[in-house]
Amino acid sequence: MIYMKKILLVLSFFCLVLTFFMPTNFACAQEDNTSSNYIVTADYAIVFSEANFASGKLATLSHKHDVKILLEDNSPVCEKYGEFVFYKLDLQENDIQNSDFQFGYILSDLIVEKTAEIVAYPNFNASTNQECVVFALRGQEYVETNNVLPQNTKIFLYRGFNKKLNYTAICFVANDSVEYGYLKTDCINPNGINPVLITCVVLIVAILGIIFAWIFMKNKRVKIKK
């Protein structure tokens with residue numbers, strides 16, 4: 001019993017350490033006065049017939065396209081699909097012609113309220129590992145732009161990360177504005193598991209191994225003496 005209590009104390013201590021080092025996500029700030037006027041911040045945004053990715057695609061809106069969403073009590077009308085939130089919109093108000101549907105749904109992560117000042121920043125999930133030029137996609141060709149990102153610039157990989165691709169779509173902040181483009185994949189370090197977390201796990205496994213080995217050896221000595 002005494003040994004079990006010691007083991008539980010050690011496990012509790014390291015669980016506390018892991019909790020301390022776990023990364024935390026912060027929500028974007030929202031303004032008090034909500035408007036129905038939004039704008040597409042991604043390369044494109046799909047309007048779905050229902051609040052899920054498996055439903056029909058009613059329209060594809062391009063970057064900086066104006067979107068008018070539905071409000072209820074000055075708050076966006078929305079539906080959740082797992083961890084994702086979809087805003088509801090009237091198709092006619094957004095000049096989307098469809099005889100089968102009156103309403104559509106758009107992923108909230110791809111649009112922001114249209115104001116003079118930026119109201120939301122992307123949740124960065126990668127960084128640059130060197131100074132690199134931002135590319136723009138023109139047809140099927142990637143063309144260099146005047147934007148150059150310094151090393152360790154935080155970026156958002158909104159289409160995921162595939163190291164086999166030559167170029168990766170990114171989102172970054174420049175001059176208080178959210179910008180979009182492409183970087184050479186070799187220039188990107190996606191956020192992975194926290195190195196501190198890995199170290200803590202290794203330490204836990206090592207210490208538990210020592211504790212169990214010590215208990216086993218002590219029990220074995222007791223049996224030999226008997």
# chains A, B, ... in the order shown; residues from 1 in each chain; ligands from 1
$ residues_around --residues "range 65-78 of chain A" --least-positions-apart "4" --cutoff "7 Å" --atoms "only C-alpha atoms" --output "list in words"
Thr34, Ser36, Asn37, Tyr38, Ile39, Val40, Leu61, Val85, Phe86, Tyr87, Lys88, Leu89, Asp90, Glu93 and Asn94 of chain A
$ residues_around --residues "range 154-159 of chain A" --least-positions-apart "2" --cutoff "7 Å" --atoms "only C-alpha atoms" --output "PyMOL selection string"
chain A and resi 122-128+152+161+169-172
$ write_last_selection --atoms "N, CA and C atoms" --output "PDB file, in the first residue's frame"
ATOM      1  N   PRO A 122      -5.779  35.000 -37.332  1.00  0.00           N
ATOM      2  CA  PRO A 122      -5.823  33.539 -37.436  1.00  0.00           C
ATOM      3  C   PRO A 122      -5.125  32.874 -36.259  1.00  0.00           C
ATOM      4  N   ASN A 123      -5.505  31.634 -35.967  1.00  0.00           N
ATOM      5  CA  ASN A 123      -4.869  30.849 -34.921  1.00  0.00           C
ATOM      6  C   ASN A 123      -3.618  30.213 -35.536  1.00  0.00           C
ATOM      7  N   PHE A 124      -2.454  30.828 -35.345  1.00  0.00           N
ATOM      8  CA  PHE A 124      -1.236  30.393 -36.019  1.00  0.00           C
ATOM      9  C   PHE A 124      -0.893  28.950 -35.651  1.00  0.00           C
ATOM     10  N   ASN A 125      -0.488  28.173 -36.654  1.00  0.00           N
ATOM     11  CA  ASN A 125      -0.137  26.785 -36.407  1.00  0.00           C
ATOM     12  C   ASN A 125       1.183  26.386 -37.067  1.00  0.00           C
ATOM     13  N   ALA A 126       1.980  27.392 -37.460  1.00  0.00           N
ATOM     14  CA  ALA A 126       3.291  27.111 -38.059  1.00  0.00           C
ATOM     15  C   ALA A 126       4.132  28.388 -38.031  1.00  0.00           C
ATOM     16  N   SER A 127       5.381  28.266 -38.473  1.00  0.00           N
ATOM     17  CA  SER A 127       6.275  29.426 -38.562  1.00  0.00           C
ATOM     18  C   SER A 127       7.288  29.189 -39.672  1.00  0.00           C
ATOM     19  N   THR A 128       7.929  30.269 -40.110  1.00  0.00           N
ATOM     20  CA  THR A 128       8.942  30.151 -41.163  1.00  0.00           C
ATOM     21  C   THR A 128      10.285  29.780 -40.539  1.00  0.00           C
ATOM     22  N   ASN A 152      11.093  32.823 -38.482  1.00  0.00           N
ATOM     23  CA  ASN A 152      10.274  32.678 -37.269  1.00  0.00           C
ATOM     24  C   ASN A 152       8.981  33.499 -37.307  1.00  0.00           C
ATOM     25  N   PHE A 161      -1.035  20.728 -44.019  1.00  0.00           N
ATOM     26  CA  PHE A 161       0.380  20.677 -44.398  1.00  0.00           C
ATOM     27  C   PHE A 161       0.711  19.317 -44.997  1.00  0.00           C
ATOM     28  N   ALA A 169      -0.269  26.669 -49.065  1.00  0.00           N
ATOM     29  CA  ALA A 169      -1.098  27.860 -48.850  1.00  0.00           C
ATOM     30  C   ALA A 169      -0.965  28.327 -47.405  1.00  0.00           C
ATOM     31  N   ILE A 170      -0.771  29.643 -47.229  1.00  0.00           N
ATOM     32  CA  ILE A 170      -0.584  30.193 -45.883  1.00  0.00           C
ATOM     33  C   ILE A 170      -1.414  31.454 -45.712  1.00  0.00           C
ATOM     34  N   CYS A 171      -1.560  31.835 -44.451  1.00  0.00           N
ATOM     35  CA  CYS A 171      -2.201  33.089 -44.067  1.00  0.00           C
ATOM     36  C   CYS A 171      -1.268  33.755 -43.064  1.00  0.00           C
ATOM     37  N   PHE A 172      -1.059  35.066 -43.189  1.00  0.00           N
ATOM     38  CA  PHE A 172      -0.168  35.771 -42.280  1.00  0.00           C
ATOM     39  C   PHE A 172      -0.684  37.188 -42.061  1.00  0.00           C
TER      40      PHE A 172
END
$ atom_distance --atom1 "CA of Val133 in chain A" --atom2 "CA of Thr168 in chain A"
12.4 Å
$ select_by_dssp --residues "range 133-202 of chain A" --states "strand (DSSP E)" --output "compact mmCIF listing (two decimals) with N, CA and C atoms, in the first residue's frame"
# COMPACT_ATOMS: atom_id res chain seq x y z
N VAL A 133 10.23 34.33 -49.51
CA VAL A 133 9.37 35.15 -50.36
C VAL A 133 7.98 34.53 -50.42
N VAL A 134 6.95 35.37 -50.37
CA VAL A 134 5.57 34.91 -50.50
C VAL A 134 5.21 34.86 -51.97
N PHE A 135 4.57 33.78 -52.40
CA PHE A 135 4.17 33.60 -53.79
C PHE A 135 2.66 33.78 -53.93
N ALA A 136 2.24 34.17 -55.12
CA ALA A 136 0.82 34.25 -55.46
C ALA A 136 0.56 33.29 -56.61
N LEU A 137 -0.63 32.70 -56.61
CA LEU A 137 -0.98 31.74 -57.65
C LEU A 137 -1.68 32.47 -58.79
N ARG A 138 -1.07 32.47 -59.96
CA ARG A 138 -1.63 33.09 -61.15
C ARG A 138 -1.90 32.00 -62.17
N GLU A 141 0.55 28.92 -62.24
CA GLU A 141 1.93 29.26 -61.92
C GLU A 141 2.03 30.03 -60.61
N TYR A 142 3.08 29.77 -59.87
CA TYR A 142 3.36 30.49 -58.62
C TYR A 142 4.33 31.63 -58.93
N VAL A 143 3.87 32.85 -58.64
CA VAL A 143 4.64 34.05 -58.99
C VAL A 143 5.09 34.75 -57.71
N GLU A 144 6.34 35.20 -57.69
CA GLU A 144 6.87 35.91 -56.51
C GLU A 144 6.16 37.24 -56.31
N THR A 145 5.91 37.59 -55.05
CA THR A 145 5.34 38.89 -54.71
C THR A 145 6.41 39.73 -54.01
N ASN A 146 6.03 40.94 -53.61
CA ASN A 146 6.96 41.81 -52.90
C ASN A 146 7.02 41.51 -51.40
N ASN A 147 6.17 40.63 -50.94
CA ASN A 147 6.16 40.27 -49.51
C ASN A 147 7.27 39.28 -49.19
N VAL A 148 8.07 39.62 -48.19
CA VAL A 148 9.13 38.74 -47.71
C VAL A 148 8.94 38.56 -46.21
N LEU A 149 8.81 37.32 -45.77
CA LEU A 149 8.60 37.04 -44.36
C LEU A 149 9.93 36.70 -43.69
N LYS A 154 5.14 33.89 -37.59
CA LYS A 154 4.02 32.99 -37.35
C LYS A 154 3.06 33.03 -38.54
N ILE A 155 2.62 31.86 -38.98
CA ILE A 155 1.72 31.74 -40.13
C ILE A 155 0.62 30.73 -39.82
N TYR A 167 4.64 23.81 -52.83
CA TYR A 167 4.15 25.06 -52.25
C TYR A 167 2.98 24.77 -51.30
N THR A 168 2.86 25.60 -50.27
CA THR A 168 1.80 25.43 -49.26
C THR A 168 1.05 26.75 -49.08
N ALA A 169 -0.27 26.67 -49.06
CA ALA A 169 -1.10 27.86 -48.85
C ALA A 169 -0.96 28.33 -47.40
N ILE A 170 -0.77 29.64 -47.23
CA ILE A 170 -0.58 30.19 -45.88
C ILE A 170 -1.41 31.45 -45.71
N CYS A 171 -1.56 31.84 -44.45
CA CYS A 171 -2.20 33.09 -44.07
C CYS A 171 -1.27 33.76 -43.06
N PHE A 172 -1.06 35.07 -43.19
CA PHE A 172 -0.17 35.77 -42.28
C PHE A 172 -0.68 37.19 -42.06
N VAL A 173 -0.14 37.86 -41.07
CA VAL A 173 -0.55 39.22 -40.74
C VAL A 173 0.55 40.19 -41.15
N ALA A 174 0.17 41.21 -41.92
CA ALA A 174 1.12 42.25 -42.35
C ALA A 174 0.42 43.60 -42.32
N SER A 177 -3.18 43.69 -41.26
CA SER A 177 -4.12 43.11 -42.23
C SER A 177 -3.80 41.63 -42.43
N VAL A 178 -4.84 40.82 -42.58
CA VAL A 178 -4.64 39.40 -42.84
C VAL A 178 -4.41 39.20 -44.34
N GLU A 179 -3.29 38.61 -44.69
CA GLU A 179 -2.93 38.39 -46.09
C GLU A 179 -2.81 36.90 -46.37
N TYR A 180 -2.95 36.56 -47.65
CA TYR A 180 -2.90 35.17 -48.07
C TYR A 180 -1.90 35.00 -49.20
N GLY A 181 -1.31 33.82 -49.25
CA GLY A 181 -0.35 33.54 -50.30
C GLY A 181 0.17 32.11 -50.17
N TYR A 182 1.34 31.88 -50.77
CA TYR A 182 1.94 30.55 -50.76
C TYR A 182 3.42 30.67 -50.44
N LEU A 183 3.93 29.69 -49.70
CA LEU A 183 5.36 29.61 -49.41
C LEU A 183 5.89 28.27 -49.92
N LYS A 184 7.18 28.25 -50.23
CA LYS A 184 7.80 26.97 -50.53
C LYS A 184 7.72 26.11 -49.26
N ILE A 188 8.76 26.03 -44.23
CA ILE A 188 7.73 26.01 -43.19
C ILE A 188 8.04 24.97 -42.12
N ASN A 189 7.89 25.40 -40.88
CA ASN A 189 7.95 24.48 -39.75
C ASN A 189 6.57 24.41 -39.11
N PRO A 190 5.77 23.36 -39.38
CA PRO A 190 4.45 23.26 -38.75
C PRO A 190 4.59 23.00 -37.26
$ closest_residue --among "A:Gln130, A:Thr41, A:Ser55, A:Thr60" --to "Lys114 in chain A" --atoms "only C-alpha atoms"
A:Thr41
$ residues_around --residues "Ala45 in chain A" --least-positions-apart "5" --cutoff "9 Å" --atoms "only C-alpha atoms" --output "PyMOL selection string"
chain A and resi 40+59-63+106-107+110-111
$ write_last_selection --atoms "C-alpha atoms" --output "PDB file, in the first residue's frame"
ATOM      1  CA  VAL A  40     -14.194  36.327 -47.097  1.00  0.00           C
ATOM      2  CA  ALA A  59     -21.647  28.549 -54.437  1.00  0.00           C
ATOM      3  CA  THR A  60     -17.947  29.312 -54.137  1.00  0.00           C
ATOM      4  CA  LEU A  61     -17.066  32.835 -52.973  1.00  0.00           C
ATOM      5  CA  SER A  62     -13.658  34.316 -53.740  1.00  0.00           C
ATOM      6  CA  HIS A  63     -11.226  36.184 -51.485  1.00  0.00           C
ATOM      7  CA  ILE A 106     -20.621  29.168 -44.650  1.00  0.00           C
ATOM      8  CA  LEU A 107     -17.735  28.192 -42.360  1.00  0.00           C
ATOM      9  CA  LEU A 110     -13.302  31.803 -43.426  1.00  0.00           C
ATOM     10  CA  ILE A 111     -15.078  35.149 -42.932  1.00  0.00           C
TER      11      ILE A 111
END
$ closest_residue --among "A:Gln92, A:Ile207, A:Asn129, A:Thr153" --to "Asp186 in chain A" --atoms "only C-alpha atoms"
A:Asn129
$ atom_distance --atom1 "CA of Phe103 in chain A" --atom2 "CA of Leu58 in chain A"
9.7 Å
